[in-house]
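For reference, model20.pdb is printed below; it contains PDB, C-alpha atoms and all ligand atoms.
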MODEL        1
ATOM      1  CA  MET A   1       3.754 -16.203  -3.908
ATOM      2  CA  GLU A   2       5.333 -14.325  -1.011
ATOM      3  CA  THR A   3       9.101 -14.390  -1.146
ATOM      4  CA  ALA A   4       9.756 -12.051   1.779
ATOM      5  CA  PRO A   5      10.692 -13.655   5.127
ATOM      6  CA  ARG A   6       7.611 -14.564   7.124
ATOM      7  CA  GLN A   7       7.855 -13.221  10.658
ATOM      8  CA  ALA A   8       5.531 -14.533  13.328
ATOM      9  CA  VAL A   9       2.777 -12.089  14.300
ATOM     10  CA  CYS A  10      -0.028 -12.819  16.732
ATOM     11  CA  LEU A  11      -3.270 -11.005  17.562
ATOM     12  CA  HIS A  12      -3.812  -9.638  21.036
ATOM     13  CA  ALA A  13      -6.865  -7.821  22.408
ATOM     14  CA  GLN A  14      -7.271  -5.486  25.316
ATOM     15  CA  PRO A  15     -10.155  -6.519  27.654
ATOM     16  CA  GLY A  16     -13.568  -6.180  26.027
ATOM     17  CA  GLN A  17     -12.253  -6.514  22.441
ATOM     18  CA  GLU A  18     -12.209 -10.342  22.273
ATOM     19  CA  PRO A  19     -15.170 -10.888  19.856
ATOM     20  CA  GLU A  20     -13.609  -8.468  17.345
ATOM     21  CA  LEU A  21     -10.289 -10.273  17.802
ATOM     22  CA  ASP A  22     -11.868 -13.576  16.750
ATOM     23  CA  ARG A  23     -13.370 -11.916  13.675
ATOM     24  CA  LEU A  24      -9.954 -10.523  12.667
ATOM     25  CA  ALA A  25      -8.262 -13.876  13.250
ATOM     26  CA  ARG A  26     -10.750 -15.558  10.898
ATOM     27  CA  ARG A  27     -10.768 -12.813   8.236
ATOM     28  CA  TYR A  28      -6.979 -12.513   7.923
ATOM     29  CA  GLY A  29      -5.917 -16.025   8.942
ATOM     30  CA  LEU A  30      -3.769 -14.740  11.814
ATOM     31  CA  PRO A  31      -3.172 -16.678  15.060
ATOM     32  CA  THR A  32      -4.102 -15.215  18.430
ATOM     33  CA  CYS A  33      -1.311 -14.670  20.976
ATOM     34  CA  ALA A  34      -2.903 -17.376  23.119
ATOM     35  CA  ALA A  35      -2.219 -19.817  20.261
ATOM     36  CA  GLN A  36       1.246 -18.417  19.419
ATOM     37  CA  PRO A  37       2.721 -16.803  22.542
ATOM     38  CA  SER A  38       6.330 -16.694  21.249
ATOM     39  CA  ALA A  39       5.657 -14.415  18.246
ATOM     40  CA  ASP A  40       8.052 -11.461  17.930
ATOM     41  CA  TRP A  41       5.316  -9.138  16.752
ATOM     42  CA  ARG A  42       1.839  -8.428  18.064
ATOM     43  CA  LEU A  43      -1.170  -6.853  16.391
ATOM     44  CA  VAL A  44      -2.862  -5.276  19.368
ATOM     45  CA  LEU A  45      -6.538  -4.373  19.294
ATOM     46  CA  THR A  46      -7.110  -1.391  21.587
ATOM     47  CA  PRO A  47     -10.472   0.368  22.093
ATOM     48  CA  GLN A  48      -9.255   2.998  19.562
ATOM     49  CA  ARG A  49      -7.557   0.979  16.815
ATOM     50  CA  LEU A  50      -5.493  -1.987  15.657
ATOM     51  CA  GLN A  51      -1.741  -1.424  15.932
ATOM     52  CA  LEU A  52       1.427  -3.370  15.189
ATOM     53  CA  GLU A  53       4.003  -3.605  17.964
ATOM     54  CA  ALA A  54       7.427  -5.256  17.903
ATOM     55  CA  ARG A  55       8.048  -7.160  21.136
ATOM     56  CA  CYS A  56      11.770  -6.341  21.392
ATOM     57  CA  SER A  57      11.910  -2.789  20.101
ATOM     58  CA  ARG A  58      11.330   0.589  21.620
ATOM     59  CA  GLN A  59       9.961   1.862  18.345
ATOM     60  CA  GLY A  60       6.375   3.065  18.675
ATOM     61  CA  PRO A  61       3.340   1.228  17.280
ATOM     62  CA  VAL A  62       2.460   1.284  13.590
ATOM     63  CA  TYR A  63      -1.151   1.809  12.563
ATOM     64  CA  VAL A  64      -3.173   3.285   9.713
ATOM     65  CA  ASP A  65      -4.795   6.651  10.344
ATOM     66  CA  PHE A  66      -6.625   8.239   7.404
ATOM     67  CA  VAL A  67      -8.298  10.906   9.546
ATOM     68  CA  GLY A  68      -5.545  12.661  11.537
ATOM     69  CA  GLY A  69      -1.753  12.575  11.561
ATOM     70  CA  ALA A  70       0.393  12.964   8.445
ATOM     71  CA  LEU A  71      -2.335  11.813   6.015
ATOM     72  CA  GLY A  72      -4.899  14.211   7.475
ATOM     73  CA  HIS A  73      -2.365  17.008   7.043
ATOM     74  CA  ARG A  74      -1.544  15.952   3.479
ATOM     75  CA  ARG A  75      -5.273  15.803   2.603
ATOM     76  CA  ARG A  76      -5.697  19.434   3.662
ATOM     77  CA  PHE A  77      -2.420  20.939   2.448
ATOM     78  CA  GLY A  78      -0.927  18.336   0.078
ATOM     79  CA  GLY A  79      -0.730  20.111  -3.270
ATOM     80  CA  GLY A  80      -3.752  18.565  -5.014
ATOM     81  CA  ARG A  81      -3.467  17.352  -8.590
ATOM     82  CA  GLY A  82      -0.196  19.193  -9.113
ATOM     83  CA  GLN A  83       1.726  16.911  -6.734
ATOM     84  CA  PRO A  84       4.139  14.434  -8.367
ATOM     85  CA  LEU A  85       2.115  11.321  -7.437
ATOM     86  CA  ALA A  86      -1.040  12.751  -9.042
ATOM     87  CA  ARG A  87       0.840  13.772 -12.193
ATOM     88  CA  ALA A  88       2.477  10.344 -12.387
ATOM     89  CA  VAL A  89      -0.849   8.478 -12.509
ATOM     90  CA  GLY A  90      -2.167  10.920 -15.134
ATOM     91  CA  MET A  91      -4.742  12.875 -13.150
ATOM     92  CA  GLN A  92      -6.137  15.695 -15.197
ATOM     93  CA  ARG A  93      -8.719  18.333 -14.434
ATOM     94  CA  GLY A  94     -12.080  16.584 -14.262
ATOM     95  CA  ARG A  95     -10.576  13.125 -14.832
ATOM     96  CA  SER A  96      -9.439  10.640 -12.206
ATOM     97  CA  PRO A  97      -8.340   7.234 -13.521
ATOM     98  CA  ARG A  98      -9.372   3.914 -11.957
ATOM     99  CA  ILE A  99      -6.262   2.700 -10.186
ATOM    100  CA  LEU A 100      -5.004  -0.591  -8.827
ATOM    101  CA  ASP A 101      -2.479  -0.023  -6.046
ATOM    102  CA  ALA A 102      -0.876  -3.459  -6.328
ATOM    103  CA  THR A 103       1.432  -2.968  -3.320
ATOM    104  CA  ALA A 104      -0.787  -1.166  -0.819
ATOM    105  CA  GLY A 105       1.477  -1.323   2.286
ATOM    106  CA  LEU A 106       0.100   1.222   4.772
ATOM    107  CA  ALA A 107      -2.174   2.660   2.041
ATOM    108  CA  ARG A 108      -0.796   6.177   2.235
ATOM    109  CA  ASP A 109      -0.357   6.593  -1.511
ATOM    110  CA  ALA A 110      -3.725   4.920  -2.157
ATOM    111  CA  PHE A 111      -5.395   7.359   0.228
ATOM    112  CA  VAL A 112      -3.843  10.363  -1.515
ATOM    113  CA  LEU A 113      -5.065   9.060  -4.887
ATOM    114  CA  ALA A 114      -8.573   8.396  -3.546
ATOM    115  CA  SER A 115      -8.679  11.832  -1.906
ATOM    116  CA  LEU A 116      -8.048  13.323  -5.373
ATOM    117  CA  GLY A 117     -11.070  11.487  -6.764
ATOM    118  CA  SER A 118      -9.818   8.118  -8.071
ATOM    119  CA  GLU A 119     -11.495   4.799  -7.344
ATOM    120  CA  VAL A 120      -8.617   2.753  -5.922
ATOM    121  CA  THR A 121      -8.410  -1.008  -5.426
ATOM    122  CA  LEU A 122      -5.750  -1.885  -2.867
ATOM    123  CA  CYS A 123      -4.060  -5.297  -3.039
ATOM    124  CA  GLU A 124      -1.963  -6.197  -0.014
ATOM    125  CA  ARG A 125      -0.653  -9.727   0.408
ATOM    126  CA  SER A 126       0.639  -9.406   3.953
ATOM    127  CA  PRO A 127      -2.314 -10.313   6.198
ATOM    128  CA  VAL A 128      -0.837  -8.061   8.899
ATOM    129  CA  LEU A 129      -0.746  -4.995   6.664
ATOM    130  CA  ALA A 130      -4.150  -5.853   5.190
ATOM    131  CA  ALA A 131      -5.615  -6.016   8.707
ATOM    132  CA  LEU A 132      -4.130  -2.594   9.519
ATOM    133  CA  ILE A 133      -5.567  -1.069   6.331
ATOM    134  CA  GLY A 134      -8.956  -2.677   7.002
ATOM    135  CA  ASP A 135      -8.973  -1.150  10.481
ATOM    136  CA  GLY A 136      -7.988   2.286   9.129
ATOM    137  CA  LEU A 137     -10.812   2.121   6.572
ATOM    138  CA  ARG A 138     -13.331   1.071   9.225
ATOM    139  CA  ARG A 139     -12.494   4.161  11.301
ATOM    140  CA  ALA A 140     -12.381   6.452   8.261
ATOM    141  CA  LEU A 141     -15.922   5.393   7.298
ATOM    142  CA  LEU A 142     -17.117   6.731  10.663
ATOM    143  CA  ASP A 143     -15.651  10.190  10.030
ATOM    144  CA  SER A 144     -17.911  12.651   8.229
ATOM    145  CA  GLU A 145     -15.020  14.390   6.393
ATOM    146  CA  VAL A 146     -13.134  11.295   5.269
ATOM    147  CA  ALA A 147     -15.901   8.711   4.712
ATOM    148  CA  ALA A 148     -16.467   9.690   1.061
ATOM    149  CA  ILE A 149     -12.773   9.116   0.328
ATOM    150  CA  ALA A 150     -12.743   5.770   2.155
ATOM    151  CA  ARG A 151     -15.737   4.634   0.077
ATOM    152  CA  ARG A 152     -13.568   5.010  -3.038
ATOM    153  CA  MET A 153     -11.016   2.557  -1.572
ATOM    154  CA  THR A 154     -11.581  -1.201  -1.897
ATOM    155  CA  LEU A 155      -9.244  -3.524  -0.025
ATOM    156  CA  GLN A 156      -8.307  -6.896  -1.530
ATOM    157  CA  PRO A 157      -6.206  -8.777   1.058
ATOM    158  CA  THR A 158      -4.419 -10.878  -1.507
ATOM    159  CA  ASP A 159      -1.475 -11.079  -3.884
ATOM    160  CA  ALA A 160      -1.983  -8.628  -6.744
ATOM    161  CA  ALA A 161      -0.639 -11.094  -9.323
ATOM    162  CA  ASP A 162      -3.326 -13.621  -8.316
ATOM    163  CA  TRP A 163      -6.008 -10.925  -8.269
ATOM    164  CA  LEU A 164      -5.078  -9.663 -11.729
ATOM    165  CA  ALA A 165      -5.111 -13.215 -13.099
ATOM    166  CA  GLU A 166      -8.831 -13.502 -12.173
ATOM    167  CA  LEU A 167      -9.915 -10.214 -13.797
ATOM    168  CA  ALA A 168     -12.244 -10.122 -16.785
ATOM    169  CA  PRO A 169     -10.767  -8.066 -19.681
ATOM    170  CA  GLU A 170     -13.305  -5.240 -19.230
ATOM    171  CA  GLN A 171     -12.283  -4.889 -15.559
ATOM    172  CA  ARG A 172      -8.630  -4.139 -16.318
ATOM    173  CA  PRO A 173      -7.426  -1.106 -14.292
ATOM    174  CA  GLU A 174      -6.536   2.018 -16.236
ATOM    175  CA  VAL A 175      -3.477   2.546 -14.056
ATOM    176  CA  ILE A 176      -1.467   0.042 -12.020
ATOM    177  CA  TYR A 177       0.681   1.572  -9.318
ATOM    178  CA  LEU A 178       3.647  -0.326  -7.855
ATOM    179  CA  ASP A 179       5.710   0.641  -4.819
ATOM    180  CA  PRO A 180       7.517  -2.585  -3.922
ATOM    181  CA  MET A 181       9.634  -2.820  -0.802
ATOM    182  CA  TYR A 182      13.091  -1.746  -1.880
ATOM    183  CA  PRO A 183      16.126  -3.472  -0.288
ATOM    184  CA  ALA A 184      17.484  -1.320   2.574
ATOM    185  CA  GLY A 185      20.691   0.345   1.388
ATOM    186  CA  LYS A 186      22.279   3.611   0.476
ATOM    187  CA  ASP A 187      19.284   4.660  -1.604
ATOM    188  CA  THR A 188      16.936   4.241   1.337
ATOM    189  CA  VAL A 189      18.850   5.661   4.308
ATOM    190  CA  LEU A 190      16.169   8.275   4.809
ATOM    191  CA  VAL A 191      13.205   5.885   4.980
ATOM    192  CA  LYS A 192      10.634   6.819   7.559
ATOM    193  CA  LYS A 193      10.455   4.938  10.846
ATOM    194  CA  GLU A 194       7.231   3.190   9.851
ATOM    195  CA  MET A 195       8.862   1.917   6.675
ATOM    196  CA  GLN A 196      11.831   0.627   8.698
ATOM    197  CA  THR A 197       9.350  -1.400  10.745
ATOM    198  CA  LEU A 198       7.807  -2.806   7.560
ATOM    199  CA  GLN A 199      11.246  -3.655   6.216
ATOM    200  CA  ARG A 200      12.026  -5.600   9.396
ATOM    201  CA  LEU A 201       8.685  -7.369   9.266
ATOM    202  CA  LEU A 202       8.468  -8.170   5.555
ATOM    203  CA  GLY A 203      11.929  -7.802   3.995
ATOM    204  CA  PRO A 204      12.361  -6.727   0.358
ATOM    205  CA  ASP A 205       9.844  -7.757  -2.317
ATOM    206  CA  ARG A 206      12.162  -9.968  -4.361
ATOM    207  CA  ASP A 207       9.460 -10.928  -6.852
ATOM    208  CA  SER A 208       8.554  -7.357  -7.847
ATOM    209  CA  GLY A 209       9.889  -7.946 -11.384
ATOM    210  CA  ARG A 210       7.250 -10.611 -11.984
ATOM    211  CA  LEU A 211       4.455  -8.352 -10.719
ATOM    212  CA  PHE A 212       5.805  -5.568 -12.940
ATOM    213  CA  GLU A 213       5.624  -7.799 -16.044
ATOM    214  CA  ILE A 214       2.040  -8.799 -15.209
ATOM    215  CA  ALA A 215       1.118  -5.144 -14.627
ATOM    216  CA  LEU A 216       2.586  -4.118 -17.985
ATOM    217  CA  ALA A 217       0.528  -6.802 -19.707
ATOM    218  CA  THR A 218      -2.683  -5.803 -17.906
ATOM    219  CA  ALA A 219      -2.939  -2.025 -17.390
ATOM    220  CA  VAL A 220      -5.010  -0.149 -19.944
ATOM    221  CA  ARG A 221      -3.159   3.191 -19.832
ATOM    222  CA  ARG A 222      -0.021   3.101 -17.712
ATOM    223  CA  VAL A 223       2.040   1.414 -15.026
ATOM    224  CA  VAL A 224       3.700   3.666 -12.477
ATOM    225  CA  VAL A 225       6.651   2.411 -10.416
ATOM    226  CA  LYS A 226       7.750   4.365  -7.350
ATOM    227  CA  ARG A 227      11.491   4.194  -6.651
ATOM    228  CA  PRO A 228      14.020   5.947  -4.429
ATOM    229  CA  LYS A 229      15.332   8.869  -6.485
ATOM    230  CA  ARG A 230      18.707   7.373  -7.438
ATOM    231  CA  ALA A 231      17.619   3.722  -7.695
ATOM    232  CA  ALA A 232      17.923   1.713 -10.895
ATOM    233  CA  TRP A 233      14.880   1.191 -13.135
ATOM    234  CA  LEU A 234      12.869  -1.878 -12.225
ATOM    235  CA  LEU A 235      14.135  -4.827 -14.356
ATOM    236  CA  GLY A 236      16.476  -2.272 -15.955
ATOM    237  CA  ARG A 237      13.569  -1.179 -18.145
ATOM    238  CA  ARG A 238      13.613   2.427 -19.359
ATOM    239  CA  PRO A 239      10.371   4.256 -18.531
ATOM    240  CA  SER A 240       8.452   6.341 -21.078
ATOM    241  CA  VAL A 241       8.954   9.292 -18.748
ATOM    242  CA  SER A 242       9.646   9.945 -15.042
ATOM    243  CA  VAL A 243       8.310  12.437 -12.529
ATOM    244  CA  GLU A 244      10.540  13.359  -9.607
ATOM    245  CA  SER A 245       9.927  14.698  -6.154
ATOM    246  CA  ARG A 246      12.537  15.495  -3.500
ATOM    247  CA  LYS A 247      13.457  11.886  -2.564
ATOM    248  CA  THR A 248      11.303   9.845  -4.913
ATOM    249  CA  ARG A 249      11.047   9.068  -8.597
ATOM    250  CA  TYR A 250       7.903   7.827 -10.335
ATOM    251  CA  ASP A 251       8.759   5.851 -13.479
ATOM    252  CA  ILE A 252       5.851   5.879 -15.919
ATOM    253  CA  TYR A 253       5.374   3.112 -18.504
ATOM    254  CA  LEU A 254       2.733   4.099 -21.048
ATOM    255  CA  CYS A 255       0.777   1.161 -22.476
ATOM    256  CA  GLN A 256       0.372   0.719 -26.209
ATOM    257  CA  PRO A 257      -3.279   0.899 -27.269
ATOM    258  CA  ALA A 258      -4.429  -2.452 -28.703
ATOM    259  CA  THR A 259      -4.209  -2.365 -32.495
ATOM    260  CA  PRO A 260      -7.359  -3.541 -34.293
ATOM    261  CA  PRO A 261      -6.929  -6.794 -36.285
TER     262      PRO A 261
HETATM  263  C1  LIG B 301       6.802  -0.279   0.248
HETATM  264  S1  LIG B 301       5.299  -0.981   0.752
HETATM  265  C2  LIG B 301       4.115   0.068  -0.057
HETATM  266  C3  LIG B 301       3.849   1.362   0.678
HETATM  267  C4  LIG B 301       2.641   2.083   0.130
HETATM  268  N1  LIG B 301       2.879   2.636  -1.176
HETATM  269  C5  LIG B 301       2.138   3.152   1.062
HETATM  270  O1  LIG B 301       1.862   4.278   0.582
HETATM  271  O2  LIG B 301       1.974   2.884   2.263
HETATM  272  C6  LIG B 301       5.198  -2.440  -0.238
HETATM  273  C7  LIG B 301       4.020  -3.332   0.124
HETATM  274  O3  LIG B 301       3.676  -4.102  -1.031
HETATM  275  C8  LIG B 301       3.255  -5.375  -0.616
HETATM  276  N2  LIG B 301       3.378  -6.273  -1.794
HETATM  277  C9  LIG B 301       4.516  -6.567  -2.471
HETATM  278  N3  LIG B 301       4.248  -7.382  -3.508
HETATM  279  C10 LIG B 301       2.908  -7.594  -3.497
HETATM  280  C11 LIG B 301       2.012  -8.355  -4.317
HETATM  281  N4  LIG B 301       2.470  -9.085  -5.341
HETATM  282  N5  LIG B 301       0.693  -8.340  -4.027
HETATM  283  C12 LIG B 301       0.226  -7.614  -2.972
HETATM  284  N6  LIG B 301       1.023  -6.908  -2.135
HETATM  285  C13 LIG B 301       2.346  -6.884  -2.399
HETATM  286  C14 LIG B 301       4.176  -5.711   0.528
HETATM  287  O4  LIG B 301       3.593  -6.711   1.361
HETATM  288  C15 LIG B 301       4.297  -4.347   1.228
HETATM  289  O5  LIG B 301       3.325  -4.207   2.227
ENDMDL
END
What is this file in structure tokens?
Ligand SMILES: C[S@@+](CC[C@H](N)C(=O)[O-])C[C@H]1O[C@@H](n2cnc3c(N)ncnc32)[C@H](O)[C@@H]1O
Amino acid sequence: METAPRQAVCLHAQPGQEPELDRLARRYGLPTCAAQPSADWRLVLTPQRLQLEARCSRQGPVYVDFVGGALGHRRRFGGGRGQPLARAVGMQRGRSPRILDATAGLARDAFVLASLGSEVTLCERSPVLAALIGDGLRRALLDSEVAAIARRMTLQPTDAADWLAELAPEQRPEVIYLDPMYPAGKDTVLVKKEMQTLQRLLGPDRDSGRLFEIALATAVRRVVVKRPKRAAWLLGRRPSVSVESRKTRYDIYLCQPATPP
């Protein structure tokens, strides 16, 4: 169930990229710009990458880059297992939990977790975002330094609640990580430009409480909810403990081990 506003996005290819465009249209169920010329947003396939462009905005394109840019920098200099995100999911020396990132977005957090050794499943229900992640992973697999990290990341272009409902009990993730789109407001004035674009495209995730409940009932060890630092707890529920960074808070909900009958 997607409760965010659905904005029209069409797929456009630069010359020579048309066969790949058809493959993307089929895989993610997106229309081509020939079929939907009035869409406000375009996913443009260039010879280098797939990128999201707003028709009536001067803001630059949004794309997923696991090799260079901010994520490449964070991979090299990002603080390792001592960084708040790693501590929040319970990474310890020699132990990296299996993680479901149930709200993958642009997959930046998922990439950090995979670069620290975790196997990460990424659920993303927006076909546009899923297509961008898929393209970023495709390019990462071609890079000798990053390919091993990308192989630990498995994209599921679907709603996490539906995906979790299909899981066998022995496949339950140790950790479920949630970073739902937070309503734009005073807590989020400092959001990055890319996140502003996502907010315009997708709107807030109004059903995040339901996903949270499902996560709490499914995770083996913990559920981690990322929030702006001063935001209220999700569903008003007090976490077991929180980890803070400069602008962000990670609320950690430890799961009770099943008691034997
Ligand atoms: C704030 S963004 C996440 C950003 C991400 N943590 C990152 O590092 O790039 C939230 C994303 O979660 C997705 N989302 C929200 N609810 C979802 C659900 N139930 N299943 C799958 N994706 C969901 C939204 O479509 C949106 O792309």
**Asked** Written as a PyMOL selection string, which residues does the PyMOL selection byres (((chain A and resi 10) around 10) and not hetatm) give for the file shown?
**Response** chain A and resi 7-9+11-12+25+30-44+52+128
Could you list as a compact mmCIF listing (two decimals) with C-alpha atoms, keeping the file's coordinate frame every residue that has an atom within 10 Å of (0.1, -8.3, -15.4), using the file's coordinates and counting all atoms listed in the file?
# COMPACT_ATOMS: atom_id res chain seq x y z
CA ALA A 160 -1.98 -8.63 -6.74
CA ALA A 161 -0.64 -11.09 -9.32
CA ASP A 162 -3.33 -13.62 -8.32
CA TRP A 163 -6.01 -10.92 -8.27
CA LEU A 164 -5.08 -9.66 -11.73
CA ALA A 165 -5.11 -13.22 -13.10
CA ARG A 172 -8.63 -4.14 -16.32
CA ILE A 176 -1.47 0.04 -12.02
CA ARG A 210 7.25 -10.61 -11.98
CA LEU A 211 4.46 -8.35 -10.72
CA PHE A 212 5.80 -5.57 -12.94
CA GLU A 213 5.62 -7.80 -16.04
CA ILE A 214 2.04 -8.80 -15.21
CA ALA A 215 1.12 -5.14 -14.63
CA LEU A 216 2.59 -4.12 -17.98
CA ALA A 217 0.53 -6.80 -19.71
CA THR A 218 -2.68 -5.80 -17.91
CA ALA A 219 -2.94 -2.02 -17.39
CA VAL A 223 2.04 1.41 -15.03
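Taken over the whole file, the PyMOL selection byres (((not hetatm)) within 6 of (chain B and resi 301)) covers exactly Ala102, Thr103, Ala104, Gly105, Leu106, Ala107, Arg108, Asp109, Cys123, Glu124, Arg125, Ser126, Thr158, Asp159, Ala160, Ala161, Asp179, Pro180, Met181, Asp205 and Leu211 of chain A.
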**Request:** Let me know the residues the PyMOL selection byres (((chain A and resi 245) around 10) and not hetatm) catches in the file above, as a count of residues only.
**Result:** 12
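Nearest-residue note for A:Val62: choosing from A:Arg49, A:Gly117, A:Asp207, A:Gly80, the minimum distance belongs to A:Arg49, counting only C-alpha atoms.
Put simply, atom CA of A:Met91 is 24.0 Å away from atom CA of A:Ile133.
Taking atom CA of A:Gly134 as the reference point, atom CA of A:Ser118 is found at 18.6 Å.
Among the candidates A:Val120, A:Ile99, A:Val64, A:Ala130, the one nearest to A:Gln48 when counting all atoms listed in the file is A:Val64.
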